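Dumped data.txt below, it's compact mmCIF, C-alpha atoms:
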```txt
# COMPACT_ATOMS: atom_id res chain seq x y z
CA MET A 188 0.00 0.00 0.00
CA LYS A 189 1.37 3.37 -1.03
CA ILE A 190 -0.07 6.43 0.69
CA ALA A 191 0.67 10.10 -0.01
CA THR A 192 -0.27 13.54 1.28
CA PHE A 193 -0.15 16.64 -0.91
CA ASN A 194 -1.13 20.26 -0.28
CA VAL A 195 -1.87 21.27 -3.88
CA GLN A 196 -2.79 24.90 -3.10
CA ASN A 197 -5.93 24.53 -5.22
CA LEU A 198 -6.38 22.85 -8.59
CA PHE A 199 -7.98 25.38 -10.95
CA HIS A 200 -8.89 28.53 -9.01
CA ARG A 201 -7.48 30.14 -5.87
CA ASP A 202 -9.04 32.69 -3.55
CA ARG A 203 -7.72 36.20 -4.24
CA SER A 204 -6.94 36.86 -0.57
CA LEU A 205 -4.37 34.04 -0.63
CA LEU A 206 -2.47 35.67 -3.52
CA GLU A 207 -2.33 39.29 -2.40
CA LYS A 208 0.91 38.88 -0.48
CA LEU A 209 2.46 36.94 -3.36
CA THR A 210 1.61 39.69 -5.85
CA LYS A 211 3.21 42.39 -3.73
CA ASN A 212 6.47 40.47 -3.48
CA LEU A 213 6.85 39.55 -7.16
CA THR A 214 8.22 42.83 -8.56
CA ALA A 215 11.68 42.24 -7.08
CA ASP A 216 11.74 38.69 -8.53
CA TRP A 217 10.67 39.98 -11.96
CA THR A 218 13.45 42.60 -11.86
CA ILE A 219 16.09 40.00 -11.01
CA GLU A 220 14.85 37.69 -13.77
CA LEU A 221 14.91 40.56 -16.31
CA ASP A 222 18.46 41.51 -15.30
CA GLU A 223 19.62 37.92 -15.81
CA LEU A 224 17.99 37.69 -19.22
CA MET A 225 19.47 41.01 -20.37
CA LEU A 226 22.97 39.74 -19.55
CA GLU A 227 22.62 36.81 -21.96
CA PRO A 228 24.90 37.39 -25.00
CA SER A 229 22.32 35.85 -27.33
CA LYS A 230 18.63 35.45 -26.62
CA SER A 231 16.22 32.83 -27.93
CA LEU A 232 12.76 33.74 -29.15
CA ILE A 233 11.31 32.44 -25.89
CA GLN A 234 13.70 34.62 -23.90
CA GLN A 235 12.83 37.65 -26.03
CA ASP A 236 9.12 37.08 -25.39
CA ARG A 237 9.82 36.76 -21.68
CA ILE A 238 11.77 40.04 -21.69
CA ARG A 239 8.84 41.82 -23.30
CA GLU A 240 6.44 40.29 -20.80
CA LEU A 241 8.61 41.23 -17.81
CA SER A 242 9.02 44.76 -19.14
CA PHE A 243 5.26 45.11 -19.25
CA LEU A 244 4.72 43.62 -15.79
CA ILE A 245 7.35 45.83 -14.17
CA GLY A 246 6.04 48.88 -15.99
CA PHE A 247 8.90 49.63 -18.41
CA GLU A 248 6.86 48.82 -21.50
CA LYS A 249 3.59 50.68 -21.97
CA SER A 250 0.88 49.13 -24.12
CA SER A 251 -0.12 51.30 -27.05
CA PRO A 252 -3.87 51.99 -27.40
CA ARG A 253 -5.66 49.41 -29.49
CA PRO A 254 -9.32 48.95 -30.44
CA TYR A 255 -11.54 47.62 -27.66
CA ALA A 256 -9.13 46.37 -24.97
CA VAL A 257 -5.78 44.81 -24.10
CA LEU A 258 -5.75 41.87 -21.68
CA ARG A 259 -2.53 40.90 -19.91
CA ARG A 260 -1.82 38.32 -17.22
CA LYS A 261 -0.01 39.45 -14.09
CA ALA A 262 0.71 36.89 -11.35
CA GLY A 263 -2.49 35.05 -12.06
CA PHE A 264 -4.56 38.23 -12.38
CA LEU A 265 -6.01 39.52 -15.65
CA PHE A 266 -5.76 43.27 -16.25
CA MET A 267 -7.71 45.08 -18.97
CA LYS A 268 -7.01 48.45 -20.59
CA GLY A 269 -9.48 49.94 -23.03
CA LEU A 270 -8.97 52.44 -25.80
CA SER A 271 -8.25 55.94 -24.42
CA HIS A 272 -8.63 54.51 -20.94
CA SER A 273 -7.38 57.68 -19.27
CA ILE A 274 -10.48 59.66 -20.34
CA ASP A 275 -13.06 56.92 -19.96
CA ASN A 276 -16.45 57.92 -18.61
CA ARG A 277 -17.36 56.34 -15.30
CA ALA A 278 -20.49 54.38 -14.58
CA GLY A 279 -23.61 56.41 -14.05
CA ASN A 280 -27.36 56.04 -14.11
CA LEU A 281 -27.54 57.49 -17.65
CA THR A 282 -24.44 55.85 -19.13
CA ASP A 283 -23.40 52.36 -20.07
CA TRP A 284 -21.32 50.43 -17.57
CA ASN A 285 -17.64 51.18 -17.99
CA GLY A 286 -15.90 49.94 -14.90
CA TRP A 287 -14.26 46.81 -13.58
CA ILE A 288 -15.25 43.76 -11.58
CA LYS A 289 -13.00 42.20 -8.96
CA LEU A 290 -13.44 38.43 -8.89
CA GLN A 291 -13.10 36.54 -5.62
CA THR A 292 -11.02 33.80 -7.22
CA VAL A 293 -8.29 33.89 -9.85
CA PRO A 294 -7.40 31.11 -12.31
CA ILE A 295 -4.35 28.97 -11.69
CA HIS A 296 -1.94 28.72 -14.60
CA PRO A 297 -2.76 25.60 -16.69
CA LYS A 298 0.87 24.45 -16.49
CA SER A 299 0.68 24.61 -12.71
CA THR A 300 -2.36 22.32 -12.76
CA GLN A 301 -0.52 19.93 -15.08
CA HIS A 302 2.50 19.90 -12.78
CA LYS A 303 0.28 18.97 -9.84
CA ALA A 304 -0.93 15.99 -11.88
CA GLN A 305 2.61 15.09 -12.94
CA VAL A 306 3.80 14.90 -9.34
CA ILE A 307 0.86 12.69 -8.35
CA ALA A 308 1.36 10.50 -11.42
CA ASN A 309 5.07 10.03 -10.66
CA VAL A 310 4.30 8.74 -7.18
CA ASN A 311 1.02 7.02 -8.15
CA PRO A 312 -0.28 6.31 -4.64
CA ASP A 313 -3.11 3.95 -3.71
CA ILE A 314 -4.42 6.46 -1.17
CA LEU A 315 -4.00 10.19 -1.70
CA LEU A 316 -4.75 12.79 0.96
CA LEU A 317 -5.28 16.31 -0.36
CA GLN A 318 -5.28 19.71 1.28
CA GLU A 319 -6.43 23.03 -0.20
CA ILE A 320 -8.70 21.87 -2.99
CA GLU A 321 -11.76 23.78 -4.20
CA ASP A 322 -14.43 21.07 -4.02
CA ARG A 323 -15.18 17.54 -5.17
CA ALA A 324 -16.34 18.67 -8.62
CA SER A 325 -12.98 20.34 -9.23
CA PHE A 326 -11.11 17.27 -8.07
CA GLU A 327 -13.16 14.97 -10.30
CA ASP A 328 -12.39 17.18 -13.31
CA PHE A 329 -8.73 16.98 -12.35
CA ASN A 330 -9.00 13.24 -11.67
CA GLN A 331 -10.78 12.31 -14.90
CA LEU A 332 -9.26 14.80 -17.35
CA ILE A 333 -5.80 15.92 -16.16
CA LEU A 334 -4.27 12.85 -14.50
CA PRO A 335 -4.70 10.64 -17.63
CA GLU A 336 -2.53 13.10 -19.57
CA PHE A 337 0.39 11.70 -17.54
CA ASP A 338 -0.51 8.02 -17.93
CA CYS A 339 -2.09 7.96 -14.50
CA LYS A 340 -5.39 6.15 -14.12
CA PRO A 341 -8.10 8.16 -12.37
CA PHE A 342 -8.75 7.26 -8.75
CA ASN A 343 -11.82 5.08 -8.29
CA HIS A 344 -13.23 6.93 -5.29
CA SER A 345 -12.99 10.47 -3.96
CA PHE A 346 -14.42 12.26 -0.96
CA VAL A 347 -14.20 15.95 -0.02
CA ILE A 348 -15.13 17.57 3.29
CA GLN A 349 -16.50 21.13 3.19
CA GLY A 350 -14.83 23.37 5.80
CA ASN A 351 -16.12 26.27 7.87
CA ASP A 352 -14.33 29.02 5.94
CA MET A 353 -15.18 30.35 2.49
CA ASN A 354 -11.68 30.26 0.94
CA SER A 355 -12.08 26.93 -0.92
CA LEU A 356 -9.32 25.31 1.11
CA GLU A 357 -11.03 21.97 1.51
CA MET A 358 -9.58 18.58 2.41
CA GLY A 359 -10.21 15.35 0.57
CA ILE A 360 -9.13 11.80 -0.08
CA ALA A 361 -8.84 9.66 -3.22
CA LEU A 362 -8.69 5.85 -3.29
CA ARG A 363 -7.70 3.19 -5.79
CA GLN A 364 -9.65 0.02 -6.54
CA GLY A 365 -9.69 -2.33 -3.55
CA TYR A 366 -9.41 0.40 -0.93
CA ASN A 367 -12.79 1.13 0.59
CA LEU A 368 -13.89 4.03 2.75
CA ASP A 369 -15.89 2.33 5.51
CA ALA A 370 -16.48 5.34 7.77
CA VAL A 371 -15.78 9.04 8.10
CA ARG A 372 -15.75 10.89 11.41
CA ILE A 373 -15.30 14.59 12.06
CA HIS A 374 -13.47 15.70 15.20
CA ASN A 375 -13.78 19.33 16.24
CA ILE A 376 -10.29 20.35 17.36
CA ASN A 377 -11.06 24.06 17.55
CA ALA A 378 -12.09 26.25 20.45
CA ALA A 379 -15.42 27.20 18.86
CA THR A 380 -17.77 25.07 16.79
CA ASN A 381 -18.02 27.67 14.01
CA ASP A 382 -14.31 28.47 13.98
CA ASP A 383 -12.78 28.98 10.52
CA ASP A 384 -10.01 26.48 11.33
CA LYS A 385 -10.31 23.00 9.86
CA ASN A 386 -11.67 20.02 11.74
CA LEU A 387 -9.76 16.77 12.05
CA ILE A 388 -11.08 14.19 9.59
CA GLU A 389 -10.85 10.50 10.49
CA TYR A 390 -11.13 7.96 7.67
CA GLU A 391 -11.59 4.27 8.37
CA ILE A 392 -10.30 2.37 5.34
CA SER A 393 -10.25 -1.33 4.53
CA THR A 394 -7.44 -2.54 2.28
CA PRO A 395 -7.26 -5.37 -0.32
CA SER A 396 -5.45 -7.51 2.27
CA LYS A 397 -8.48 -7.20 4.60
CA GLU A 398 -6.59 -4.94 6.99
CA THR A 399 -8.12 -1.76 8.41
CA ILE A 400 -6.28 1.52 8.80
CA TRP A 401 -7.36 4.73 10.50
CA LEU A 402 -6.21 7.80 8.65
CA LEU A 403 -6.41 11.24 10.29
CA ASN A 404 -6.20 14.23 7.93
CA ALA A 405 -5.21 17.49 9.64
CA TYR A 406 -4.79 21.09 8.54
CA LEU A 407 -3.58 23.22 11.44
CA ARG A 408 -3.56 26.95 12.16
CA LYS A 409 -1.21 28.95 9.94
CA PRO A 410 1.33 31.35 11.47
CA THR A 411 0.03 34.92 11.72
CA LYS A 412 1.54 38.28 12.61
CA ASP A 413 0.81 37.39 16.22
CA ARG A 414 3.02 34.30 16.17
CA LYS A 415 2.55 33.51 19.86
CA GLN A 416 -1.23 33.50 19.49
CA SER A 417 -1.25 31.30 16.38
CA ASP A 418 1.21 28.88 18.03
CA LYS A 419 -1.04 28.76 21.09
CA ILE A 420 -4.10 27.92 18.97
CA ARG A 421 -2.17 25.29 17.01
CA LYS A 422 -0.95 23.63 20.22
CA LYS A 423 -4.54 23.34 21.47
CA GLN A 424 -5.46 21.70 18.17
CA VAL A 425 -2.55 19.28 18.47
CA TYR A 426 -3.53 18.36 22.04
CA LYS A 427 -6.95 17.31 20.78
CA ILE A 428 -5.43 15.32 17.90
CA ALA A 429 -3.20 13.51 20.40
CA GLU A 430 -6.30 12.68 22.47
CA VAL A 431 -8.01 11.17 19.41
CA TYR A 432 -4.90 9.11 18.64
CA LYS A 433 -4.57 7.80 22.20
CA LYS A 434 -8.25 6.87 22.26
CA LEU A 435 -7.89 4.86 19.05
CA ILE A 436 -4.88 3.03 20.48
CA ALA A 437 -6.80 2.29 23.69
CA GLU A 438 -9.55 0.74 21.55
CA GLY A 439 -7.01 -1.65 20.00
CA LYS A 440 -6.81 0.21 16.68
CA ASN A 441 -3.08 0.12 15.98
CA ASN A 442 -2.86 0.92 12.24
CA ILE A 443 -2.99 4.71 12.47
CA ILE A 444 -1.59 7.48 10.26
CA ILE A 445 -1.84 11.21 10.98
CA ALA A 446 -1.02 13.30 7.93
CA GLY A 447 -1.54 16.73 6.45
CA THR A 448 -0.34 20.31 6.67
CA PHE A 449 0.74 21.26 10.20
CA ASN A 450 2.10 24.70 9.21
CA ALA A 451 5.03 24.55 11.63
CA PRO A 452 8.49 22.90 11.71
CA SER A 453 8.89 19.81 13.86
CA TYR A 454 10.89 21.65 16.52
CA CYS A 455 8.03 24.09 17.17
CA ASN A 456 6.64 23.67 20.67
CA SER A 457 3.09 23.80 19.29
CA LEU A 458 3.59 20.32 17.77
CA SER A 459 5.16 18.74 20.87
CA PRO A 460 1.96 16.96 22.04
CA LEU A 461 2.21 14.79 18.91
CA ILE A 462 5.89 14.84 17.97
CA GLN A 463 7.33 14.38 21.47
CA ASP A 464 4.56 13.14 23.75
CA THR A 465 3.28 10.16 21.73
CA ASP A 466 4.88 7.09 20.15
CA LEU A 467 4.07 8.34 16.63
CA LYS A 468 6.97 8.17 14.18
CA ASP A 469 7.70 10.85 11.56
CA ILE A 470 8.15 9.35 8.10
CA THR A 471 11.16 11.59 7.50
CA LYS A 472 13.02 9.69 10.24
CA HIS A 473 12.68 6.35 8.45
CA LEU A 474 15.89 4.99 6.95
CA SER A 475 14.20 4.54 3.57
CA PHE A 476 13.20 8.20 3.26
CA GLU A 477 14.41 9.57 -0.10
CA VAL A 478 14.75 13.17 -1.24
CA ASP A 479 17.02 15.02 -3.66
CA ILE A 480 19.85 16.90 -1.97
CA ASP A 481 20.06 20.67 -2.48
CA LYS A 482 22.79 21.73 -4.91
CA GLY A 483 22.62 25.47 -4.31
CA ASN A 484 25.09 27.76 -2.57
CA ASP A 485 23.80 26.76 0.86
CA GLY A 486 23.10 23.15 -0.07
CA THR A 487 25.36 21.77 2.67
CA TYR A 488 23.89 23.97 5.37
CA PHE A 489 21.63 22.13 7.80
CA ARG A 490 19.04 24.06 9.76
CA LEU A 491 16.41 22.88 12.21
CA GLY A 492 13.21 22.04 10.42
CA ALA A 493 14.87 20.70 7.28
CA TYR A 494 13.74 17.28 6.10
CA ARG A 495 17.26 15.93 5.81
CA MET A 496 20.87 17.06 6.03
CA GLY A 497 21.49 19.34 3.06
CA VAL A 498 17.80 19.68 2.23
CA ASN A 499 16.87 23.25 3.01
CA ILE A 500 13.12 23.30 3.23
CA LYS A 501 11.22 23.90 6.43
CA GLN A 502 8.85 21.07 7.15
CA LYS A 503 5.14 21.92 7.06
CA ASP A 504 3.71 18.67 5.68
CA TYR A 505 3.74 15.53 7.80
CA MET A 506 3.02 11.83 7.84
CA LEU A 507 3.14 10.35 11.33
CA PHE A 508 2.79 6.58 11.73
CA SER A 509 1.89 4.43 14.69
CA PRO A 510 4.71 1.97 15.53
CA ALA A 511 2.73 -0.94 14.02
CA LEU A 512 2.77 0.73 10.59
CA PHE A 513 6.17 2.44 10.86
CA ASN A 514 7.80 -0.97 11.34
CA LYS A 515 6.18 -2.18 8.10
CA MET A 516 7.52 0.72 6.05
CA GLU A 517 9.31 -0.49 2.91
CA ASP A 518 9.99 2.76 1.10
CA SER A 519 9.26 6.46 1.51
CA GLY A 520 10.18 9.82 0.13
CA LEU A 521 9.39 13.38 -0.82
CA ASN A 522 8.69 14.65 -4.33
CA ARG A 523 9.38 18.35 -4.89
CA LYS A 524 10.18 18.20 -8.61
CA ALA A 525 7.44 20.73 -9.35
CA MET A 526 8.35 23.17 -6.57
CA TRP A 527 10.11 26.40 -7.53
CA PRO A 528 13.46 26.69 -5.67
CA GLU A 529 13.60 29.91 -3.68
CA LYS A 530 16.88 31.88 -3.76
CA HIS A 531 19.89 29.65 -3.02
CA PRO A 532 18.52 26.11 -2.56
CA GLN A 533 18.40 24.12 -5.79
CA TRP A 534 17.19 20.62 -6.52
CA SER A 535 16.11 18.53 -9.48
CA ILE A 536 12.90 19.90 -11.03
CA TYR A 537 10.92 19.24 -14.18
CA LYS A 538 12.28 21.19 -17.15
CA SER A 539 8.85 22.70 -17.71
CA VAL A 540 8.88 24.37 -14.27
CA SER A 541 10.39 27.64 -15.52
CA ASN A 542 9.11 30.05 -12.86
CA ARG A 543 7.10 30.26 -9.65
CA ASN A 544 3.85 30.94 -11.48
CA VAL A 545 3.80 27.49 -13.12
CA ALA A 546 5.07 25.53 -10.11
CA ALA A 547 2.67 22.92 -8.78
CA SER A 548 2.68 24.09 -5.18
CA GLU A 549 4.87 25.52 -2.45
CA HIS A 550 4.45 22.14 -0.73
CA PRO A 551 6.07 18.82 -1.63
CA LEU A 552 4.23 15.53 -1.94
CA VAL A 553 5.18 13.15 0.90
CA TRP A 554 4.68 9.41 0.42
CA GLY A 555 5.30 6.05 2.05
CA ARG A 556 4.83 2.41 1.05
CA ILE A 557 3.81 -0.15 3.65
CA ARG A 558 4.08 -3.91 3.10
CA ASN A 559 1.33 -6.44 3.63
CA MET A 560 -1.44 -3.87 3.65
```
Can I see the file as structure tokens?
Amino acid sequence: MKIATFNVQNLFHRDRSLLEKLTKNLTADWTIELDELMLEPSKSLIQQDRIRELSFLIGFEKSSPRPYAVLRRKAGFLFMKGLSHSIDNRAGNLTDWNGWIKLQTVPIHPKSTQHKAQVIANVNPDILLLQEIEDRASFEDFNQLILPEFDCKPFNHSFVIQGNDMNSLEMGIALRQGYNLDAVRIHNINAATNDDDKNLIEYEISTPSKETIWLLNAYLRKPTKDRKQSDKIRKKQVYKIAEVYKKLIAEGKNNIIIAGTFNAPSYCNSLSPLIQDTDLKDITKHLSFEVDIDKGNDGTYFRLGAYRMGVNIKQKDYMLFSPALFNKMEDSGLNRKAMWPEKHPQWSIYKSVSNRNVAASEHPLVWGRIRNM
């Protein structure tokens, strides 16, 4: 049995509020990229097109007026300029509408969606846990239409839980033939019933070998400006997850996996009720755990929170196994071939991942294979 967890950061559309910070920080990256391209002694047609695009995005190149409108993409946003836009009449009760509409969601680059599928296809798990997806309809479109493009058969079953917030950051699960979802339980791990934070989702799954596993999918509080407060909230969530785990163990249910996006490195005190105070084992500590080593300028530098020596990426995504399953682990790893390397760290990526905008996600896919399940 191969199981994976992947925070895809949405499949087709992403809430605008989640991209505002990204948009503000992109100008410096665009400037650096333009400088590097300008230093090339000879430039390909693709590079020339990219230079023109960057010049427009930064503001060096002004679009000349054309009939009707000019549409340009900027960090996932579409901007429109009409003819003689500077003297346009505004909307009024006696005039036609001539304004703009701000959409709540913005489209994800098609290449980014394809890279998400490519990562999943490369690992090809039997059970796939997903975080930050829009809804089940979006996943089924992705499952039936995009995954087959990479010689990956669609999953036979899918299930998505609607959360309390309105940002389309839902959690779901996909299963291959032979793996059956026998029960789903929702555990409220938040202080208030109507809190925007995610609930803990417990899946009871029977496998082709007639074994039963209990899979807990978690998405914990993100860090905020008030770091102490967000850490405090996350620790309360983790306490409740630990209680659920201990109760399952007390009931004789030993095949347990807790996975998902914890939004904190393993050394953070907010995760201690699970990482330190239980017998759960982190998949990254298994001897079989595989990941490409960083080749950048700081590739040999080890910092707390990295997955492995020389792998400079702070851990946010976890798979914790009960001892019964950890001891059956045959193989495991981390796929970040569709992540865009930030600054100095460098690792092996798909050739088609040419910039951050087409990367699959800021999160890697974490996977493990367990024998006799």
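Near A:Phe193, within a cut-off of 7 Å and counting only C-alpha atoms, sit the residues A:Leu316, A:Leu317, A:Gln318, A:Pro551, A:Leu552, A:Val553, with same-chain residues fewer than 6 positions away left out.
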Quiz item: Looking at A:Lys189, A:Arg237, A:Lys468, A:Phe329, which one is nearest to A:Pro312, with distances taken over all atoms listed in the file?
Solution: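 Of the candidates, the smallest distance to A:Pro312 is held by A:Lys189.
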Which polymer residues have any atom within 12 Å of an atom of A:Val371, counting all atoms listed in the file, with same-chain residues fewer than 5 positions away left out, as a short mmCIF file (atom, residue, chain, number, x, y, z; two decimals) with C-alpha atoms, keeping the file's coordinate frame?
```cif
data_model
loop_
_atom_site.label_atom_id
_atom_site.label_comp_id
_atom_site.auth_asym_id
_atom_site.auth_seq_id
_atom_site.Cartn_x
_atom_site.Cartn_y
_atom_site.Cartn_z
CA PHE A 346 -14.42 12.26 -0.96
CA VAL A 347 -14.20 15.95 -0.02
CA ILE A 348 -15.13 17.57 3.29
CA GLY A 359 -10.21 15.35 0.57
CA ILE A 360 -9.13 11.80 -0.08
CA LEU A 387 -9.76 16.77 12.05
CA ILE A 388 -11.08 14.19 9.59
CA GLU A 389 -10.85 10.50 10.49
CA TYR A 390 -11.13 7.96 7.67
CA GLU A 391 -11.59 4.27 8.37
CA ILE A 392 -10.30 2.37 5.34
CA TRP A 401 -7.36 4.73 10.50
CA LEU A 402 -6.21 7.80 8.65
CA LEU A 403 -6.41 11.24 10.29
CA ASN A 404 -6.20 14.23 7.93
#
```
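Coordinates place atom CA of A:Ile444 at a distance of 4.7 Å from atom CA of A:Phe508.
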Polymer residues at most 7 Å from A:Arg558, all atoms listed in the file, same-chain spacing of 5 or more positions, as a PDB file with C-alpha atoms, in the frame of the given file:
```pdb
ATOM      1  CA  MET A 188       0.000   0.000   0.000  1.00  0.00           C
ATOM      2  CA  LYS A 515       6.180  -2.180   8.100  1.00  0.00           C
ATOM      3  CA  MET A 516       7.520   0.720   6.050  1.00  0.00           C
ATOM      4  CA  GLU A 517       9.310  -0.490   2.910  1.00  0.00           C
TER       5      GLU A 517
END
```
Quiz item: Near stretch 519-527 of chain A, counting all atoms listed in the file, which residues have an atom at most 8 Å away, once you skip same-chain residues fewer than 4 positions from it, shown as an MDAnalysis selection string?
Solution: chainID A and resid 302:303 306 310 470:471 473 475:478 534:537 540 542:543 546:556
Quiz item: In Å, how far is it from atom CA of A:Glu336 to atom CA of A:Gln305?
Solution: 8.6 Å
Around the point (-1.8, 4.8, 15.0), in the coordinates given by the file, pick out the residues reaching within 9 Å, counting all atoms listed in the file, and return them as a JSON list (two decimals) with C-alpha atoms, in the coordinates of the input.
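The result, written out as part23.json:
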```json
[["chain", "number", "residue", "atom", "x", "y", "z"],
["A", 400, "ILE", "CA", -6.28, 1.52, 8.80],
["A", 401, "TRP", "CA", -7.36, 4.73, 10.50],
["A", 402, "LEU", "CA", -6.21, 7.80, 8.65],
["A", 432, "TYR", "CA", -4.90, 9.11, 18.64],
["A", 433, "LYS", "CA", -4.57, 7.80, 22.20],
["A", 435, "LEU", "CA", -7.89, 4.86, 19.05],
["A", 436, "ILE", "CA", -4.88, 3.03, 20.48],
["A", 440, "LYS", "CA", -6.81, 0.21, 16.68],
["A", 441, "ASN", "CA", -3.08, 0.12, 15.98],
["A", 442, "ASN", "CA", -2.86, 0.92, 12.24],
["A", 443, "ILE", "CA", -2.99, 4.71, 12.47],
["A", 444, "ILE", "CA", -1.59, 7.48, 10.26],
["A", 445, "ILE", "CA", -1.84, 11.21, 10.98],
["A", 466, "ASP", "CA", 4.88, 7.09, 20.15],
["A", 467, "LEU", "CA", 4.07, 8.34, 16.63],
["A", 507, "LEU", "CA", 3.14, 10.35, 11.33],
["A", 508, "PHE", "CA", 2.79, 6.58, 11.73],
["A", 509, "SER", "CA", 1.89, 4.43, 14.69],
["A", 510, "PRO", "CA", 4.71, 1.97, 15.53],
["A", 511, "ALA", "CA", 2.73, -0.94, 14.02],
["A", 512, "LEU", "CA", 2.77, 0.73, 10.59]]
```
Self-check item: For atom CA of A:Asp313 and atom CA of A:Gly365, the interatomic separation in Å (one decimal)
Solution: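 Calculated distance between atom CA of A:Asp313 and atom CA of A:Gly365 is 9.1 Å.
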